[in-house]
Amino acid sequence: MVTSGLDASGLTLLKVQPAAGEQQPARATVFASGNGIDKLRQKVTNFGEKNRTKKDGTGGRPYNADLVQSIGAIVEAGLRALWRSPNQKFPDGNDSRPWEIWLDKEAAAGFIAGAPDYGVAFSADRLEFPEDIVVIGTATSDALALAVRRLAGVRALAAPTVTADYFDALEIEEQVEWVDDVVGRATFDGGGDPNYITLLDRGVSRAHPLIAPALAVGDRHAAEPAWGLEDAVGHGTQLAGLALFGDLTTALQTMNPIQVRHRLESAKIIPDAGHNPHHLLGAVTRKGINAAEATGNRRRTFTLATTTEDDTPHDGAPTSWSSEVDQLASGVSGDKKIKRLVLVSAGNTNQNQFDNNDYLSVCDLPDNEVESPAHAWNAICVGAYTEKNVLPAGEVGLPLAPVGDLAPSSRTASWSSHWPLKPDVVFEGGNWLVDGAPPPMKHPALSLLTTDHQYPQRAFTTTGETSGATALAARAVTEIWSDYPDLWPETIRALFVSSARWTPQMRSHLPANPAKGDYAPLFKRYGYGVPDLDRARRSASNALTLIVQDTIRPYRKAEKPSAQHVHNEMKVFQLPWPVEELRKLVQSPVKLRVALSTFIDPNPSEPARGSKFRYASHKLRFKLNRPNENQVAFLARISDVAEQLEGPAVEEDDNWTFGRNRRDVGSLHIDELVCPASDLARRNLIAVHPVAGWWKTKTVPDPQDLIARFSLIVEIDAGESNAELYAEVQAAIEILNVVENVV
């Protein structure tokens, strides 16, 4: 076989299998782009129709004779032809299993986006090499073959081999070599004004070479001066590694440079021996934050991956610890009266409750509700899901959770819609192994790889659960804040959470045509889903995000001294919709997604605990005008709605996907609707208005002096259309019209 012509003109020669006698001719596996297939077809055509001309003018051999005459047949490659691992490792049967998929860089995004439609579920981890991107996809052989056939981009397939347990099991000398490799590729540069992840935990060890460059000696603190600063247990150092590098399993295998743009702080709030008294949990959290903030003003992502079961069940009602977290986030508490971005883990389940079957029903039990203080209104509560299902070769047992579903360790919010939706988002928290009698067990291969506090005795260890998920979330949200350092904490929270989506596996629990109430189980398990940093950052030609940061005076005194305070102000924004581009789409559907974020001042008094209208200082809502509804009619409708004080929300027929009963709780409200582009072009007014809060009660003497900040995020997405939405909006954004109205 002549193979030189198979490695040019849009063709890439992947491998050649030499001939083995007459019964087994040589085989070449070629990756062909669309352009490459056209050129190969033309070469065969030219061979049949054109001859070369010799120097003497006579006819010579056909064009491309060496190439074409050496080819007996051209067939579409099956999965075995793409297999780069030993033949004996090719999967038998048609069970769903993990595959290592090597993708062409230019075609990778299209394959990753389209393959889930054929039944391929992807891990979030990516390995990037000079010519390839490697992902782990879980699918049956038939599903993967169909995706390969229909979508471009697959260059090779292999058996996944390297998991966290491989690096965890290495001798320390080998681990140090891997650490040195990462240090050599890492750049710790946050610029002149970097963001910080402040770990409120057990302390962090600076001895580890992967941590020391990002954690200054003076940036380790303790809530109590008598406590040491070292990490005697290991939990804080594990979170530190994840907060800097993510899952080290990926970082160790990639060849690319690693840029760490943020830095670390440690504020120890848990003593090395004993524990904090329950009634002091809020106070020690405040002391830890005060100690860190004494070093100066910084943009900090406070990360709290510890919870208590002493308050369970709380059924979503405020506790002393969650109320203090709300106060710290809103700036009411702490030595510095500033707004703060706070992440809290959802808390972990008890393995001994589980058998080897339907683990989701156990996670959904009221006994496994999100632990305090993760239900704080102003904090981002982080639960866990998993994409970990690769076990070492020959390992007995099976992963418990399917790819893309809830991690077995993650708690859920089983309470009614009266209190905020929690968790807000989910991140990778690892999986459990089913092997024989229950309960299922943790396994290093199904865990996250991170830094060990015992360095230089050990460099790596494994971790996971909602603590690991919270550290990963802190890294992700801080990367967004590093991109947009001028945005408020309320805005970063809204961008981050609103970027989340449910995985196909999560959505598989919905009926075919879900009603608003059918989304409740998904919110209770996964919140809004898995955040997407690219979505949070992007404003592409056919997808754009508008961000408003503003203030509002929600209430004022009534004219009669004895009367209850009344609503004072609403903000109405005339959105600079790309009307001309939307009209071009005729009846094409577009998606609108809105997020409204504010930090409330809590009132955790006993009479207020049972009322969502008396716990929050103020409560804000958003409304969008209907097609052909002018501003006068729109404002009149909002004024009527704003006066509703108690009882369940009355749903409006406005085509919102989640609806008021799921959206209008807590201090972060997110909803979306899909409508014809022509309808959206006429829905260009969005209002932010108050409803009842304790600032409105007569106990507050001058409510008109109280100002609330809010962030409004509006995203429209025209999908795969060719609409140039962004360009038209960019031209109009400078004249965005804000109208203030009195209710």
# chains A, B, ... in the order shown; residues from 1 in each chain; ligands from 1
>>> select_by_dssp(residues="segment 94-178 of chain A", states="strand (DSSP E)", output="list in words")
Arg97, Pro98, Trp99, Glu100, Ile101, Trp102, Leu103, Asp104, Ala121, Phe122, Leu127, Glu128, Asp132, Ile133, Val134, Val135, Ile136, Gly137, Thr138, Ala139, Val154, Arg155, Ala156, Leu157 and Ala158 of chain A
>>> residues_around(residues="Asp142 of chain A", least_positions_apart="6", cutoff="12 Å", atoms="only C-alpha atoms", output="ChimeraX atom specification")
/A:78-79,91-97,118-120,148-149
>>> atom_distance(atom1="atom CA of Pro423 of chain A", atom2="atom CA of Arg525 of chain A")
7.1 Å
>>> closest_residue(among="A:Ser205, A:Ser410, A:Asn684, A:Thr657", to="Pro627 of chain A", atoms="only C-alpha atoms")
A:Asn684
>>> residues_around(residues="Ala727 of chain A", least_positions_apart="5", cutoff="10 Å", atoms="only C-alpha atoms", output="list in words")
Ala540, Ser541, Asn542, Leu544, Pro578, Glu581 and Ala732 of chain A
>>> atom_distance(atom1="atom CA of Ala636 of chain A", atom2="atom CA of Ile552 of chain A")
19.0 Å
>>> select_by_dssp(residues="segment 272-389 of chain A", states="helix (DSSP H, G or I)", output="JSON, numbers by chain")
{"A": [278, 279, 280, 281, 282, 283, 284, 285, 286, 287, 288, 289, 290, 291, 292, 293, 320, 321, 322, 323, 324, 325, 326, 327, 328, 329, 330, 351, 352, 353, 359, 360, 361, 362, 363, 366, 367, 368]}
>>> closest_residue(among="A:Asp125, A:Glu309, A:Asp180, A:Glu100", to="Trp83 of chain A", atoms="only C-alpha atoms")
A:Glu100
>>> closest_residue(among="A:Gly190, A:Gly468, A:Pro504, A:Gly72", to="Leu522 of chain A", atoms="only C-alpha atoms")
A:Pro504
>>> residues_around(residues="segment 387-397 of chain A", least_positions_apart="3", cutoff="6 Å", atoms="only C-alpha atoms", output="PyMOL selection string")
chain A and resi 123+403-404+430-431+434-435+445-446
>>> write_last_selection(atoms="C-alpha atoms", output="compact mmCIF listing (two decimals), in the first residue's frame")
# COMPACT_ATOMS: atom_id res chain seq x y z
CA SER A 123 -17.06 14.07 31.49
CA VAL A 403 -22.73 9.68 34.50
CA GLY A 404 -24.19 13.16 34.87
CA GLY A 430 -17.09 11.72 42.95
CA ASN A 431 -18.93 8.41 42.81
CA VAL A 434 -21.05 -1.15 44.30
CA ASP A 435 -19.21 -4.38 45.06
CA ALA A 445 -10.53 5.98 41.11
CA LEU A 446 -13.98 7.58 41.45
>>> atom_distance(atom1="atom CA of Asp601 of chain A", atom2="atom CA of Val370 of chain A")
21.6 Å
>>> residues_around(residues="segment 574-576 of chain A", least_positions_apart="6", cutoff="12 Å", atoms="only C-alpha atoms", output="PDB file with C-alpha atoms, in the first residue's frame")
ATOM      1  CA  LEU A 544     -25.834  38.014  24.275  1.00  0.00           C
ATOM      2  CA  THR A 545     -26.053  38.971  27.925  1.00  0.00           C
ATOM      3  CA  LEU A 546     -27.134  42.335  29.324  1.00  0.00           C
ATOM      4  CA  ILE A 547     -26.051  43.218  32.869  1.00  0.00           C
ATOM      5  CA  VAL A 548     -27.625  45.909  35.042  1.00  0.00           C
ATOM      6  CA  LEU A 582     -35.266  39.466  15.676  1.00  0.00           C
ATOM      7  CA  LEU A 624     -41.541  41.363  31.574  1.00  0.00           C
ATOM      8  CA  ASN A 625     -44.195  43.103  29.531  1.00  0.00           C
ATOM      9  CA  ASN A 630     -47.640  49.280  26.571  1.00  0.00           C
ATOM     10  CA  GLN A 631     -45.846  50.795  29.518  1.00  0.00           C
ATOM     11  CA  LEU A 680     -39.709  38.877  21.981  1.00  0.00           C
ATOM     12  CA  ALA A 681     -39.093  41.923  19.806  1.00  0.00           C
ATOM     13  CA  ARG A 682     -42.273  43.418  21.319  1.00  0.00           C
ATOM     14  CA  ARG A 683     -41.419  42.470  24.905  1.00  0.00           C
ATOM     15  CA  ASN A 684     -38.830  45.149  25.586  1.00  0.00           C
ATOM     16  CA  LEU A 685     -39.750  46.337  29.084  1.00  0.00           C
ATOM     17  CA  ILE A 686     -38.517  44.611  32.218  1.00  0.00           C
ATOM     18  CA  ALA A 687     -39.338  45.844  35.709  1.00  0.00           C
ATOM     19  CA  VAL A 688     -37.766  45.231  39.093  1.00  0.00           C
ATOM     20  CA  LEU A 712     -30.282  42.037  36.711  1.00  0.00           C
ATOM     21  CA  ILE A 713     -28.934  39.616  34.090  1.00  0.00           C
ATOM     22  CA  VAL A 714     -30.846  39.267  30.811  1.00  0.00           C
ATOM     23  CA  GLU A 715     -29.681  36.721  28.226  1.00  0.00           C
ATOM     24  CA  ILE A 716     -31.169  35.976  24.808  1.00  0.00           C
ATOM     25  CA  LEU A 725     -27.920  39.971  17.713  1.00  0.00           C
ATOM     26  CA  TYR A 726     -24.880  41.418  19.410  1.00  0.00           C
ATOM     27  CA  ALA A 727     -23.930  44.019  16.812  1.00  0.00           C
ATOM     28  CA  GLU A 728     -27.316  45.747  16.891  1.00  0.00           C
ATOM     29  CA  VAL A 729     -27.464  45.775  20.688  1.00  0.00           C
ATOM     30  CA  GLN A 730     -23.942  47.130  20.963  1.00  0.00           C
ATOM     31  CA  ALA A 731     -24.993  50.151  18.939  1.00  0.00           C
ATOM     32  CA  ALA A 732     -27.994  50.810  21.193  1.00  0.00           C
ATOM     33  CA  ILE A 733     -26.602  49.948  24.628  1.00  0.00           C
ATOM     34  CA  GLU A 734     -25.259  53.430  25.359  1.00  0.00           C
ATOM     35  CA  ILE A 735     -28.750  54.909  25.275  1.00  0.00           C
ATOM     36  CA  LEU A 736     -30.319  52.319  27.561  1.00  0.00           C
ATOM     37  CA  ASN A 737     -33.297  54.123  29.068  1.00  0.00           C
ATOM     38  CA  VAL A 738     -34.035  53.702  32.758  1.00  0.00           C
ATOM     39  CA  VAL A 739     -37.419  54.917  33.983  1.00  0.00           C
ATOM     40  CA  GLU A 740     -38.169  55.260  37.695  1.00  0.00           C
TER      41      GLU A 740
END
>>> residues_around(residues="Gln454 of chain A", least_positions_apart="6", cutoff="10 Å", atoms="only C-alpha atoms", output="number ranges by chain")
A: 205, 207-208, 231-234, 237, 460-461
>>> closest_residue(among="A:Leu229, A:Val260, A:Leu449, A:Leu199", to="Leu248 of chain A", atoms="only C-alpha atoms")
A:Leu449
>>> closest_atom_pairs(of="segment 342-399 of chain A", to="segment 486-495 of chain A", cutoff="10 Å", atoms="only C-alpha atoms", output="JSON lines")
{"residue": "A:Val342", "atom": "CA", "partner": "A:Pro489", "partner_atom": "CA", "distance": 8.8}
{"residue": "A:Leu343", "atom": "CA", "partner": "A:Arg493", "partner_atom": "CA", "distance": 9.6}
{"residue": "A:Asn378", "atom": "CA", "partner": "A:Glu490", "partner_atom": "CA", "distance": 8.6}
{"residue": "A:Ala379", "atom": "CA", "partner": "A:Arg493", "partner_atom": "CA", "distance": 8.6}
{"residue": "A:Ile380", "atom": "CA", "partner": "A:Arg493", "partner_atom": "CA", "distance": 7.2}
